[in-house]
>>> print(open('target_29.txt').read())   # compact mmCIF, C-alpha atoms
# COMPACT_ATOMS: atom_id res chain seq x y z
CA MET A 1319 53.04 11.99 -247.77
CA SER A 1320 53.42 14.45 -244.87
CA SER A 1321 56.17 14.01 -242.32
CA PRO A 1322 55.12 11.77 -239.47
CA GLN A 1323 54.09 13.37 -236.20
CA VAL A 1324 55.60 12.17 -232.94
CA ILE A 1325 54.40 11.90 -229.37
CA VAL A 1326 56.45 13.54 -226.65
CA ILE A 1327 55.89 12.68 -222.99
CA VAL A 1328 57.07 15.16 -220.36
CA GLY A 1329 58.17 13.35 -217.21
CA ALA A 1330 59.75 9.96 -216.48
CA GLY A 1331 57.79 9.25 -213.31
CA VAL A 1332 55.44 6.31 -213.03
CA LEU A 1333 52.60 8.04 -214.95
CA GLY A 1334 54.81 9.09 -217.85
CA LEU A 1335 56.49 5.69 -218.10
CA SER A 1336 53.20 3.79 -217.88
CA THR A 1337 51.65 5.96 -220.59
CA ALA A 1338 54.63 5.39 -222.86
CA ARG A 1339 54.35 1.63 -222.44
CA VAL A 1340 50.61 1.55 -223.13
CA LEU A 1341 51.18 3.50 -226.35
CA GLN A 1342 53.95 1.13 -227.42
CA ASP A 1343 51.88 -1.97 -226.71
CA ARG A 1344 48.79 -0.58 -228.41
CA TYR A 1345 50.54 0.95 -231.40
CA PRO A 1346 53.93 -0.67 -232.11
CA GLY A 1347 56.24 1.56 -234.09
CA THR A 1348 54.83 4.83 -232.79
CA ARG A 1349 57.59 7.42 -232.41
CA ILE A 1350 57.69 8.38 -228.74
CA THR A 1351 60.19 10.56 -226.91
CA ILE A 1352 60.28 11.00 -223.13
CA VAL A 1353 61.77 14.30 -221.95
CA ALA A 1354 62.56 14.55 -218.24
CA ALA A 1355 64.86 16.40 -215.86
CA GLU A 1356 65.52 13.17 -213.95
CA ILE A 1357 65.46 9.59 -215.13
CA PRO A 1358 65.15 6.44 -212.98
CA LEU A 1359 68.45 4.73 -213.69
CA VAL A 1360 70.34 5.10 -210.39
CA PRO A 1361 68.56 4.07 -207.17
CA PRO A 1362 68.86 6.48 -204.20
CA VAL A 1363 70.72 3.87 -202.15
CA VAL A 1364 73.71 4.15 -204.51
CA GLU A 1365 76.35 6.74 -203.64
CA ALA A 1366 75.79 8.84 -206.74
CA PRO A 1367 73.75 11.91 -207.65
CA ARG A 1368 70.44 10.99 -206.06
CA PRO A 1369 66.93 11.80 -207.29
CA SER A 1370 65.61 15.08 -205.96
CA ALA A 1371 62.64 15.24 -203.61
CA ASP A 1372 60.53 16.27 -206.61
CA ASN A 1373 61.23 12.95 -208.34
CA ALA A 1374 58.48 11.46 -206.18
CA SER A 1375 58.23 8.13 -208.01
CA MET A 1376 61.71 7.17 -206.85
CA TRP A 1377 60.92 7.81 -203.17
CA ALA A 1378 57.57 6.05 -203.01
CA GLY A 1379 56.60 2.88 -201.10
CA ALA A 1380 54.68 1.67 -203.05
CA HIS A 1381 51.69 -0.53 -202.34
CA TYR A 1382 48.00 -0.69 -203.15
CA ARG A 1383 45.64 0.03 -200.28
CA PRO A 1384 42.08 0.56 -201.55
CA THR A 1385 40.44 3.84 -200.54
CA PRO A 1386 36.80 3.55 -201.61
CA GLY A 1387 34.69 6.57 -200.78
CA PRO A 1388 31.22 8.02 -201.36
CA ASP A 1389 32.31 11.13 -203.28
CA ARG A 1390 32.73 11.24 -207.04
CA GLN A 1391 36.52 11.67 -206.98
CA SER A 1392 37.05 8.68 -204.67
CA ALA A 1393 34.74 6.51 -206.74
CA ASP A 1394 36.52 7.46 -209.96
CA GLU A 1395 39.97 6.83 -208.49
CA HIS A 1396 38.77 3.48 -207.19
CA LYS A 1397 37.91 2.47 -210.77
CA LEU A 1398 41.39 3.48 -211.91
CA ALA A 1399 42.92 1.52 -209.02
CA LEU A 1400 40.97 -1.64 -209.83
CA GLN A 1401 42.07 -1.37 -213.46
CA THR A 1402 45.68 -0.84 -212.42
CA ALA A 1403 45.56 -3.77 -210.00
CA GLU A 1404 44.79 -6.22 -212.79
CA VAL A 1405 47.85 -5.06 -214.74
CA MET A 1406 50.12 -5.13 -211.69
CA LYS A 1407 49.03 -8.67 -210.82
CA SER A 1408 49.81 -9.75 -214.36
CA ILE A 1409 53.26 -8.16 -214.18
CA ALA A 1410 53.92 -9.88 -210.85
CA ARG A 1411 53.04 -13.25 -212.35
CA HIS A 1412 54.70 -12.97 -215.75
CA SER A 1413 57.60 -10.50 -215.31
CA THR A 1414 59.15 -11.33 -211.96
CA GLU A 1415 62.20 -9.19 -212.79
CA ALA A 1416 60.03 -6.05 -212.70
CA GLY A 1417 59.99 -5.83 -208.91
CA VAL A 1418 56.23 -6.30 -208.43
CA GLN A 1419 54.87 -8.92 -206.02
CA GLU A 1420 51.43 -10.09 -204.95
CA ILE A 1421 51.19 -10.07 -201.18
CA VAL A 1422 48.76 -10.05 -198.28
CA GLY A 1423 47.57 -6.58 -197.26
CA ARG A 1424 46.37 -5.88 -193.72
CA GLU A 1425 44.52 -2.83 -192.42
CA ILE A 1426 43.98 -2.06 -188.75
CA MET A 1427 41.77 0.83 -187.62
CA GLU A 1428 40.96 2.32 -184.23
CA TYR A 1429 37.68 3.55 -185.70
CA VAL A 1430 35.35 2.27 -188.41
CA PRO A 1431 34.72 4.64 -191.36
CA ASP A 1432 31.16 4.54 -192.65
CA VAL A 1433 32.35 3.42 -196.08
CA LYS A 1434 33.84 0.23 -194.58
CA LYS A 1435 31.02 -0.74 -192.24
CA GLY A 1436 29.20 -2.66 -194.93
CA PHE A 1437 32.09 -4.81 -196.12
CA ARG A 1438 31.73 -8.57 -195.70
CA ASP A 1439 33.96 -11.57 -196.34
CA GLY A 1440 34.26 -12.29 -200.05
CA ASP A 1441 33.52 -8.75 -201.25
CA ILE A 1442 35.64 -7.25 -204.03
CA TYR A 1443 37.91 -4.80 -202.23
CA ALA A 1444 41.31 -4.50 -203.93
CA SER A 1445 40.52 -6.47 -207.10
CA LYS A 1446 38.73 -9.54 -208.35
CA ASP A 1447 39.57 -12.71 -206.41
CA ASP A 1448 41.38 -10.71 -203.71
CA GLN A 1449 40.27 -13.11 -200.93
CA PHE A 1450 38.97 -10.19 -198.87
CA ARG A 1451 37.95 -10.92 -195.30
CA VAL A 1452 37.11 -8.88 -192.22
CA LEU A 1453 39.29 -9.75 -189.24
CA GLU A 1454 37.68 -11.35 -186.22
CA LYS A 1455 37.71 -9.41 -182.95
CA SER A 1456 40.18 -11.93 -181.57
CA GLU A 1457 42.61 -11.06 -184.38
CA LEU A 1458 42.63 -7.33 -183.67
CA PRO A 1459 45.41 -5.77 -181.60
CA PRO A 1460 44.60 -3.69 -178.51
CA GLY A 1461 42.75 -0.48 -179.29
CA ALA A 1462 41.57 -1.56 -182.73
CA GLU A 1463 37.91 -1.56 -183.77
CA TRP A 1464 38.12 -2.96 -187.29
CA GLY A 1465 40.53 -4.73 -189.58
CA CYS A 1466 40.74 -6.66 -192.82
CA GLU A 1467 43.07 -8.70 -195.00
CA TYR A 1468 43.16 -9.17 -198.76
CA MET A 1469 45.56 -9.93 -201.59
CA THR A 1470 47.20 -6.86 -203.05
CA TRP A 1471 50.55 -5.89 -204.57
CA VAL A 1472 53.76 -4.09 -203.61
CA VAL A 1473 56.58 -2.62 -205.70
CA ASN A 1474 60.30 -2.16 -205.42
CA VAL A 1475 60.09 1.23 -207.10
CA HIS A 1476 63.75 1.50 -208.10
CA ILE A 1477 63.66 -1.80 -209.97
CA TYR A 1478 60.17 -1.23 -211.39
CA CYS A 1479 60.85 2.23 -212.85
CA ARG A 1480 64.11 1.05 -214.41
CA TRP A 1481 62.26 -1.93 -215.87
CA LEU A 1482 59.62 0.34 -217.41
CA LEU A 1483 62.25 2.69 -218.82
CA THR A 1484 64.60 0.05 -220.22
CA THR A 1485 61.67 -1.81 -221.81
CA PHE A 1486 60.52 1.47 -223.38
CA ILE A 1487 63.98 2.08 -224.87
CA ARG A 1488 64.35 -1.53 -226.02
CA LEU A 1489 61.09 -1.19 -227.95
CA GLY A 1490 62.36 1.87 -229.81
CA GLY A 1491 61.50 4.72 -227.46
CA ASN A 1492 63.71 7.80 -227.26
CA LEU A 1493 64.87 9.53 -224.07
CA VAL A 1494 66.05 13.13 -223.67
CA GLN A 1495 67.25 14.34 -220.28
CA ARG A 1496 66.47 18.04 -220.15
CA ASN A 1497 65.24 20.36 -217.41
CA LEU A 1498 62.31 22.19 -218.98
CA LYS A 1499 61.06 25.47 -217.53
CA ASP A 1500 57.50 25.00 -218.81
CA LEU A 1501 55.57 23.37 -221.64
CA ASN A 1502 56.33 26.25 -224.02
CA ASP A 1503 59.98 25.37 -223.55
CA GLU A 1504 59.06 21.87 -224.66
CA PHE A 1505 57.57 23.03 -227.95
CA ASP A 1506 60.42 25.45 -228.59
CA ILE A 1507 63.37 23.09 -228.14
CA LEU A 1508 62.10 19.67 -229.20
CA PRO A 1509 62.17 20.13 -232.98
CA THR A 1510 65.90 20.84 -232.64
CA ILE A 1511 67.00 18.23 -230.14
CA SER A 1512 64.88 15.42 -231.56
CA ARG A 1513 65.16 16.34 -235.28
CA LEU A 1514 61.39 16.64 -235.52
CA THR A 1515 59.88 18.14 -238.65
CA ARG A 1516 56.42 18.76 -237.18
CA THR A 1517 55.10 20.09 -233.90
CA PRO A 1518 54.72 17.09 -231.60
CA LEU A 1519 51.70 16.02 -229.63
CA VAL A 1520 52.77 16.54 -226.02
CA ILE A 1521 51.59 14.46 -223.05
CA ASN A 1522 52.17 16.36 -219.84
CA CYS A 1523 53.01 13.99 -216.98
CA SER A 1524 55.13 16.58 -215.18
CA GLY A 1525 53.64 15.99 -211.72
CA ARG A 1526 52.72 19.56 -210.75
CA ASN A 1527 52.53 21.12 -214.24
CA PHE A 1528 55.56 23.30 -213.54
CA ASP A 1529 53.60 24.87 -210.64
CA THR A 1530 51.43 26.89 -213.04
CA ASP A 1531 48.18 25.21 -211.98
CA PRO A 1532 46.77 26.99 -208.87
CA LEU A 1533 45.21 23.71 -207.74
CA THR A 1534 48.54 21.90 -207.44
CA ASN A 1535 50.57 21.53 -204.28
CA ALA A 1536 53.08 19.15 -202.75
CA ILE A 1537 52.63 16.54 -200.05
CA ARG A 1538 55.87 16.01 -198.15
CA GLY A 1539 56.50 12.40 -197.22
CA GLN A 1540 59.27 11.22 -194.91
CA THR A 1541 59.85 7.49 -194.57
CA VAL A 1542 62.58 5.12 -193.44
CA LEU A 1543 63.91 2.20 -195.48
CA VAL A 1544 65.11 -0.71 -193.33
CA ARG A 1545 66.68 -4.07 -194.15
CA ASN A 1546 64.19 -5.90 -191.93
CA THR A 1547 61.61 -7.82 -193.95
CA TYR A 1548 57.91 -8.35 -193.33
CA ASP A 1549 55.55 -10.89 -194.87
CA LYS A 1550 52.72 -8.48 -195.68
CA THR A 1551 52.02 -4.82 -196.34
CA ALA A 1552 50.24 -3.30 -193.38
CA THR A 1553 48.59 -0.01 -192.43
CA ARG A 1554 47.24 1.17 -189.07
CA HIS A 1555 45.03 4.24 -188.64
CA ASN A 1556 44.64 5.69 -185.16
CA LYS A 1557 41.95 7.88 -183.63
CA ASP A 1558 44.33 10.84 -183.39
CA ASN A 1559 44.76 10.75 -187.21
CA SER A 1560 48.27 9.31 -186.94
CA TRP A 1561 49.17 6.16 -188.82
CA SER A 1562 51.90 3.65 -189.46
CA PHE A 1563 52.55 1.57 -192.55
CA LEU A 1564 54.95 -1.16 -193.63
CA ILE A 1565 55.65 -1.75 -197.30
CA PRO A 1566 57.98 -4.64 -198.20
CA ARG A 1567 60.06 -4.16 -201.33
CA PRO A 1568 60.42 -7.29 -203.49
CA LEU A 1569 63.72 -8.73 -204.69
CA GLY A 1570 65.59 -8.04 -201.48
CA GLY A 1571 64.67 -4.38 -201.12
CA GLY A 1572 63.88 -4.44 -197.40
CA THR A 1573 60.81 -2.69 -195.97
CA LEU A 1574 59.69 0.93 -196.16
CA VAL A 1575 58.43 2.19 -192.79
CA GLY A 1576 56.23 5.25 -192.79
CA GLY A 1577 55.49 7.85 -192.57
CA THR A 1578 54.37 11.48 -192.91
CA LYS A 1579 51.88 13.11 -195.29
CA GLN A 1580 52.29 16.87 -194.95
CA LEU A 1581 50.28 18.91 -197.44
CA GLY A 1582 51.95 22.17 -198.42
CA ASP A 1583 55.21 21.36 -196.63
CA TRP A 1584 58.01 21.98 -199.11
CA GLY A 1585 60.87 21.02 -196.81
CA THR A 1586 63.37 18.52 -198.18
CA ASP A 1587 65.72 18.04 -195.23
CA ILE A 1588 65.60 14.84 -193.18
CA ARG A 1589 64.04 15.59 -189.79
CA PRO A 1590 65.59 13.29 -187.17
CA ARG A 1591 62.67 13.78 -184.79
CA GLU A 1592 60.25 12.51 -187.44
CA THR A 1593 62.44 9.50 -188.12
CA ALA A 1594 62.44 8.64 -184.42
CA GLU A 1595 58.66 9.03 -184.24
CA ILE A 1596 58.09 6.90 -187.34
CA LEU A 1597 60.12 4.03 -185.93
CA ALA A 1598 58.66 4.30 -182.43
CA VAL A 1599 55.10 4.23 -183.77
CA ALA A 1600 55.95 1.23 -185.95
CA VAL A 1601 57.25 -0.74 -182.96
CA LYS A 1602 54.01 -0.02 -181.10
CA ALA A 1603 51.79 -0.83 -184.07
CA TRP A 1604 53.65 -3.91 -185.36
CA PRO A 1605 55.53 -5.59 -182.47
CA GLU A 1606 55.64 -8.85 -184.43
CA PHE A 1607 57.77 -7.04 -187.04
CA VAL A 1608 60.27 -5.37 -184.70
CA SER A 1609 59.83 -5.30 -180.93
CA ASP A 1610 62.50 -2.69 -180.17
CA VAL A 1611 63.56 0.44 -182.05
CA ASN A 1612 67.20 -0.64 -181.78
CA ASP A 1613 66.40 -3.73 -183.85
CA PHE A 1614 65.78 -1.69 -186.99
CA GLU A 1615 68.58 -1.94 -189.58
CA ILE A 1616 68.26 1.46 -191.24
CA VAL A 1617 69.33 1.69 -194.88
CA MET A 1618 68.34 5.30 -195.49
CA GLU A 1619 65.85 8.02 -194.62
CA ASN A 1620 63.75 9.42 -197.44
CA VAL A 1621 61.93 12.62 -198.29
CA GLY A 1622 59.79 13.04 -201.39
CA ARG A 1623 57.32 15.66 -202.61
CA ARG A 1624 54.19 13.99 -203.91
CA PRO A 1625 52.52 16.08 -206.63
CA PHE A 1626 49.01 16.65 -205.31
CA ARG A 1627 46.16 18.40 -207.13
CA GLU A 1628 43.08 19.60 -205.30
CA GLY A 1629 39.98 18.02 -206.82
CA GLY A 1630 41.93 15.10 -208.24
CA LEU A 1631 43.99 14.29 -211.29
CA ARG A 1632 43.89 16.48 -214.35
CA ILE A 1633 43.36 14.24 -217.35
CA GLU A 1634 42.22 16.35 -220.27
CA ARG A 1635 43.15 17.62 -223.72
CA GLU A 1636 44.16 21.25 -224.34
CA LEU A 1637 44.17 22.66 -227.86
CA GLY A 1638 45.47 26.01 -229.06
CA GLN A 1639 47.89 27.81 -231.37
CA GLY A 1640 48.28 24.73 -233.51
CA ARG A 1641 49.47 22.69 -230.53
CA THR A 1642 47.94 19.76 -228.71
CA VAL A 1643 48.70 18.97 -225.08
CA ILE A 1644 47.19 16.09 -223.13
CA HIS A 1645 47.53 16.57 -219.40
CA GLY A 1646 47.95 13.72 -216.94
CA TYR A 1647 49.22 14.92 -213.57
CA GLY A 1648 48.36 15.50 -209.91
CA ALA A 1649 48.05 11.96 -208.53
CA GLY A 1650 49.47 12.87 -205.12
CA PRO A 1651 50.59 9.74 -203.26
CA ARG A 1652 48.62 7.43 -205.59
CA GLY A 1653 50.68 7.44 -208.78
CA TYR A 1654 51.53 3.75 -208.60
CA GLU A 1655 48.04 2.74 -207.46
CA LEU A 1656 46.33 4.52 -210.36
CA GLY A 1657 49.08 4.48 -212.99
CA TRP A 1658 47.84 1.99 -215.58
CA GLY A 1659 44.26 3.26 -215.38
CA VAL A 1660 45.47 6.83 -215.88
CA ALA A 1661 47.65 5.74 -218.81
CA GLU A 1662 44.65 4.13 -220.52
CA ARG A 1663 42.64 7.35 -220.22
CA ILE A 1664 45.51 9.42 -221.59
CA VAL A 1665 45.88 7.10 -224.57
CA LYS A 1666 42.14 7.35 -225.22
CA LEU A 1667 42.55 11.14 -225.46
CA VAL A 1668 45.47 10.63 -227.86
CA GLU A 1669 43.22 8.52 -230.05
CA ASP A 1670 40.51 11.18 -229.95
CA VAL A 1671 42.81 13.97 -231.15
CA GLY A 1672 41.83 13.24 -234.74
CA THR A 1673 45.19 12.23 -236.20
CA PRO A 1674 45.17 8.58 -237.28
CA ILE A 1675 47.35 6.75 -234.78
CA ALA A 1676 49.18 4.99 -237.63
CA GLN A 1677 50.66 8.37 -238.60
CA LEU A 1678 51.87 9.23 -235.11
>>> encode(input="target_29.txt", output="structure tokens")
Amino acid sequence: MSSPQVIVIVGAGVLGLSTARVLQDRYPGTRITIVAAEIPLVPPVVEAPRPSADNASMWAGAHYRPTPGPDRQSADEHKLALQTAEVMKSIARHSTEAGVQEIVGREIMEYVPDVKKGFRDGDIYASKDDQFRVLEKSELPPGAEWGCEYMTWVVNVHIYCRWLLTTFIRLGGNLVQRNLKDLNDEFDILPTISRLTRTPLVINCSGRNFDTDPLTNAIRGQTVLVRNTYDKTATRHNKDNSWSFLIPRPLGGGTLVGGTKQLGDWGTDIRPRETAEILAVAVKAWPEFVSDVNDFEIVMENVGRRPFREGGLRIERELGQGRTVIHGYGAGPRGYELGWGVAERIVKLVEDVGTPIAQL
């Protein structure tokens, strides 16, 4: 009998962790190793070496706000989001320690996008049985033209990522903390550090593919974490293309107030002016949350680089030189929203490689 092959996942962000867990649930006993430069064990609020801005999963909100659209990419991502929503709701109901919570989502808009004009009460918006309804004119704040509410989910990302990782390890997964230069580095060093006897199948969830893909870029996001709590996750879009959002974090994590989305901005320093603007806009948009900027209890200011890929996620298999790589990266700010759907597609590509999964 030949030596068993193993699966190696590059990256311990939400896509890499979700993929590892789907593989473990689908094929118990599969040998899986996660290799990552940073691992989600210490939350940024702890006075210790903090995650870098490139460890985007640890700086995220995160919540699910549906973004249906007429183009093919938007439609495909909406399918992944609906699939992910079902898993997240199940986690919220059956694994309360994971930091996921079902909650009311509210959207307020100063204009009405064409894609939302046709929505009616009772439509499926975020997921099945999401209790979707369009807000009455009397419920809209000044300046708003459209709004809706529905049941969705939010995440305390620090707790959730640790939960995914510790569950992965408890079920027999291996973890190697190593800063790889590229995927070739992965193939070169892994047989030594993991005592592998065969070239592994590699799943690339590295975020930006080591910046070798010309379609990848970063979206800089600055947000503010406050102790103040809110009873829903809320987003407001204004005519001038500015916005404000509130994302509660379950299990006593406060509320994330945001925020910026700056494509191609690689800055990592906190910008005090942006913090002031974020909080001022939030007071104007959500006076029932905090009516004065001085009432915010700031925990920390955050900057993360979201790994964006023009044209959407890359989920495909690459074969060559006796090696197999399955790519799964480029989710931008939607890693949590699409994570379980992406993981299922990656695992389908693993199954299609041709090696019986029982031997992996």
>>> closest_residue(input="target_29.txt", among="A:Arg1635, A:Lys1550, A:Arg1496, A:Arg1480", to="Thr1351 of chain A", atoms="all atoms listed in the file")
A:Arg1496
>>> closest_residue(input="target_29.txt", among="A:Ala1603, A:Val1608, A:Val1328, A:Val1405", to="Pro1460 of chain A", atoms="all atoms listed in the file")
A:Ala1603
>>> atom_distance(input="target_29.txt", atom1="atom CA of Arg1623 of chain A", atom2="atom CA of Trp1584 of chain A")
7.3 Å
>>> closest_residue(input="target_29.txt", among="A:Lys1666, A:Gly1650, A:Arg1526, A:Glu1428", to="Asp1558 of chain A", atoms="all atoms listed in the file")
A:Glu1428
>>> closest_residue(input="target_29.txt", among="A:Asn1546, A:Gln1449, A:Thr1578, A:Asn1527", to="Phe1614 of chain A", atoms="only C-alpha atoms")
A:Asn1546
>>> closest_residue(input="target_29.txt", among="A:Lys1455, A:Leu1533, A:Asp1670, A:Leu1482", to="Ala1338 of chain A", atoms="only C-alpha atoms")
A:Leu1482
>>> closest_residue(input="target_29.txt", among="A:Val1472, A:Met1376, A:Leu1341, A:Ile1616", to="Ile1409 of chain A", atoms="only C-alpha atoms")
A:Val1472
>>> residues_around(input="target_29.txt", residues="Tyr1654 of chain A", least_positions_apart="5", cutoff="10 Å", atoms="only C-alpha atoms", output="list in words")
Gly1331, Val1332, Leu1333, Ser1336, Ser1375, Ala1378, Gly1379, Ala1380, His1381, Tyr1382, Ala1399, Thr1402, Ala1403, Met1406, Val1472, Val1473, Val1475, Ala1649, Gly1659 and Val1660 of chain A
>>> atom_distance(input="target_29.txt", atom1="atom CA of Arg1349 of chain A", atom2="atom CA of Val1520 of chain A")
12.1 Å
>>> atom_distance(input="target_29.txt", atom1="atom CA of Leu1564 of chain A", atom2="atom CA of Asp1441 of chain A")
24.0 Å
>>> residues_around(input="target_29.txt", residues="segment 1430-1434 of chain A", least_positions_apart="5", cutoff="8 Å", atoms="all atoms listed in the file", output="JSON, numbers by chain")
{"A": [1386, 1387, 1388, 1463, 1464]}
>>> residues_around(input="target_29.txt", residues="Val1671 of chain A", least_positions_apart="4", cutoff="12 Å", atoms="only C-alpha atoms", output="PyMOL selection string")
chain A and resi 1325+1519-1521+1634-1637+1641-1644+1664-1667+1675+1678
>>> residues_around(input="target_29.txt", residues="Thr1573 of chain A", least_positions_apart="3", cutoff="8 Å", atoms="all atoms listed in the file", output="PDB file with C-alpha atoms, in the coordinates of the input")
ATOM      1  CA  LEU A1543      63.910   2.200-195.480  1.00  0.00           C
ATOM      2  CA  VAL A1544      65.110  -0.710-193.330  1.00  0.00           C
ATOM      3  CA  ARG A1545      66.680  -4.070-194.150  1.00  0.00           C
ATOM      4  CA  ASN A1546      64.190  -5.900-191.930  1.00  0.00           C
ATOM      5  CA  THR A1547      61.610  -7.820-193.950  1.00  0.00           C
ATOM      6  CA  TYR A1548      57.910  -8.350-193.330  1.00  0.00           C
ATOM      7  CA  LEU A1564      54.950  -1.160-193.630  1.00  0.00           C
ATOM      8  CA  ILE A1565      55.650  -1.750-197.300  1.00  0.00           C
ATOM      9  CA  PRO A1566      57.980  -4.640-198.200  1.00  0.00           C
ATOM     10  CA  ARG A1567      60.060  -4.160-201.330  1.00  0.00           C
TER      11      ARG A1567
END
>>> axis_aligned_box(input="target_29.txt", around="segment 1417-1425 of chain A", padding_each_side="4 Å", output="lines of an AutoDock Vina configuration file")
center_x = 52.3
center_y = -6.5
center_z = -200.7
size_x = 23.5
size_y = 15.3
size_z = 24.5
>>> residues_around(input="target_29.txt", residues="Gln1540 of chain A", least_positions_apart="6", cutoff="10 Å", atoms="all atoms listed in the file", output="list in words")
Trp1377, Ala1378, Val1575, Gly1576, Gly1577, Thr1578, Lys1579, Gln1580, Thr1586, Asp1587, Ile1588, Arg1589, Glu1592, Thr1593, Ile1596, Glu1619, Asn1620, Val1621, Gly1622 and Arg1623 of chain A
>>> build_atoms(input="target_29.txt", residues="segment 1593-1613 of chain A", atoms="N, CA and C atoms", output="compact mmCIF listing (two decimals), in the coordinates of the input")
# COMPACT_ATOMS: atom_id res chain seq x y z
N THR A 1593 61.94 10.86 -187.97
CA THR A 1593 62.44 9.50 -188.12
C THR A 1593 62.23 8.71 -186.84
N ALA A 1594 62.60 9.31 -185.71
CA ALA A 1594 62.44 8.64 -184.42
C ALA A 1594 60.97 8.32 -184.14
N GLU A 1595 60.09 9.25 -184.46
CA GLU A 1595 58.66 9.03 -184.24
C GLU A 1595 58.12 7.94 -185.14
N ILE A 1596 58.54 7.92 -186.39
CA ILE A 1596 58.09 6.90 -187.34
C ILE A 1596 58.44 5.51 -186.84
N LEU A 1597 59.68 5.34 -186.39
CA LEU A 1597 60.12 4.03 -185.93
C LEU A 1597 59.46 3.63 -184.61
N ALA A 1598 59.29 4.59 -183.72
CA ALA A 1598 58.66 4.30 -182.43
C ALA A 1598 57.20 3.88 -182.62
N VAL A 1599 56.50 4.58 -183.49
CA VAL A 1599 55.10 4.23 -183.77
C VAL A 1599 55.01 2.85 -184.41
N ALA A 1600 55.95 2.53 -185.29
CA ALA A 1600 55.95 1.23 -185.95
C ALA A 1600 56.15 0.09 -184.96
N VAL A 1601 57.03 0.29 -183.98
CA VAL A 1601 57.25 -0.74 -182.96
C VAL A 1601 55.96 -0.98 -182.17
N LYS A 1602 55.26 0.10 -181.86
CA LYS A 1602 54.01 -0.02 -181.10
C LYS A 1602 52.92 -0.68 -181.94
N ALA A 1603 52.86 -0.32 -183.21
CA ALA A 1603 51.79 -0.83 -184.07
C ALA A 1603 52.04 -2.25 -184.54
N TRP A 1604 53.32 -2.61 -184.77
CA TRP A 1604 53.65 -3.91 -185.36
C TRP A 1604 54.74 -4.61 -184.55
N PRO A 1605 54.49 -4.97 -183.31
CA PRO A 1605 55.53 -5.59 -182.47
C PRO A 1605 56.01 -6.93 -183.02
N GLU A 1606 55.20 -7.59 -183.84
CA GLU A 1606 55.64 -8.85 -184.43
C GLU A 1606 56.68 -8.63 -185.53
N PHE A 1607 56.78 -7.40 -186.02
CA PHE A 1607 57.77 -7.04 -187.04
C PHE A 1607 59.10 -6.72 -186.37
N VAL A 1608 59.09 -5.73 -185.50
CA VAL A 1608 60.27 -5.37 -184.70
C VAL A 1608 59.77 -4.97 -183.32
N SER A 1609 60.33 -5.54 -182.29
CA SER A 1609 59.83 -5.30 -180.93
C SER A 1609 60.60 -4.21 -180.20
N ASP A 1610 61.70 -3.74 -180.79
CA ASP A 1610 62.50 -2.69 -180.17
C ASP A 1610 63.08 -1.80 -181.26
N VAL A 1611 63.07 -0.50 -181.04
CA VAL A 1611 63.56 0.44 -182.05
C VAL A 1611 65.00 0.12 -182.45
N ASN A 1612 65.78 -0.34 -181.50
CA ASN A 1612 67.20 -0.64 -181.78
C ASN A 1612 67.38 -1.83 -182.72
N ASP A 1613 66.31 -2.57 -182.96
CA ASP A 1613 66.40 -3.73 -183.85
C ASP A 1613 66.24 -3.37 -185.32
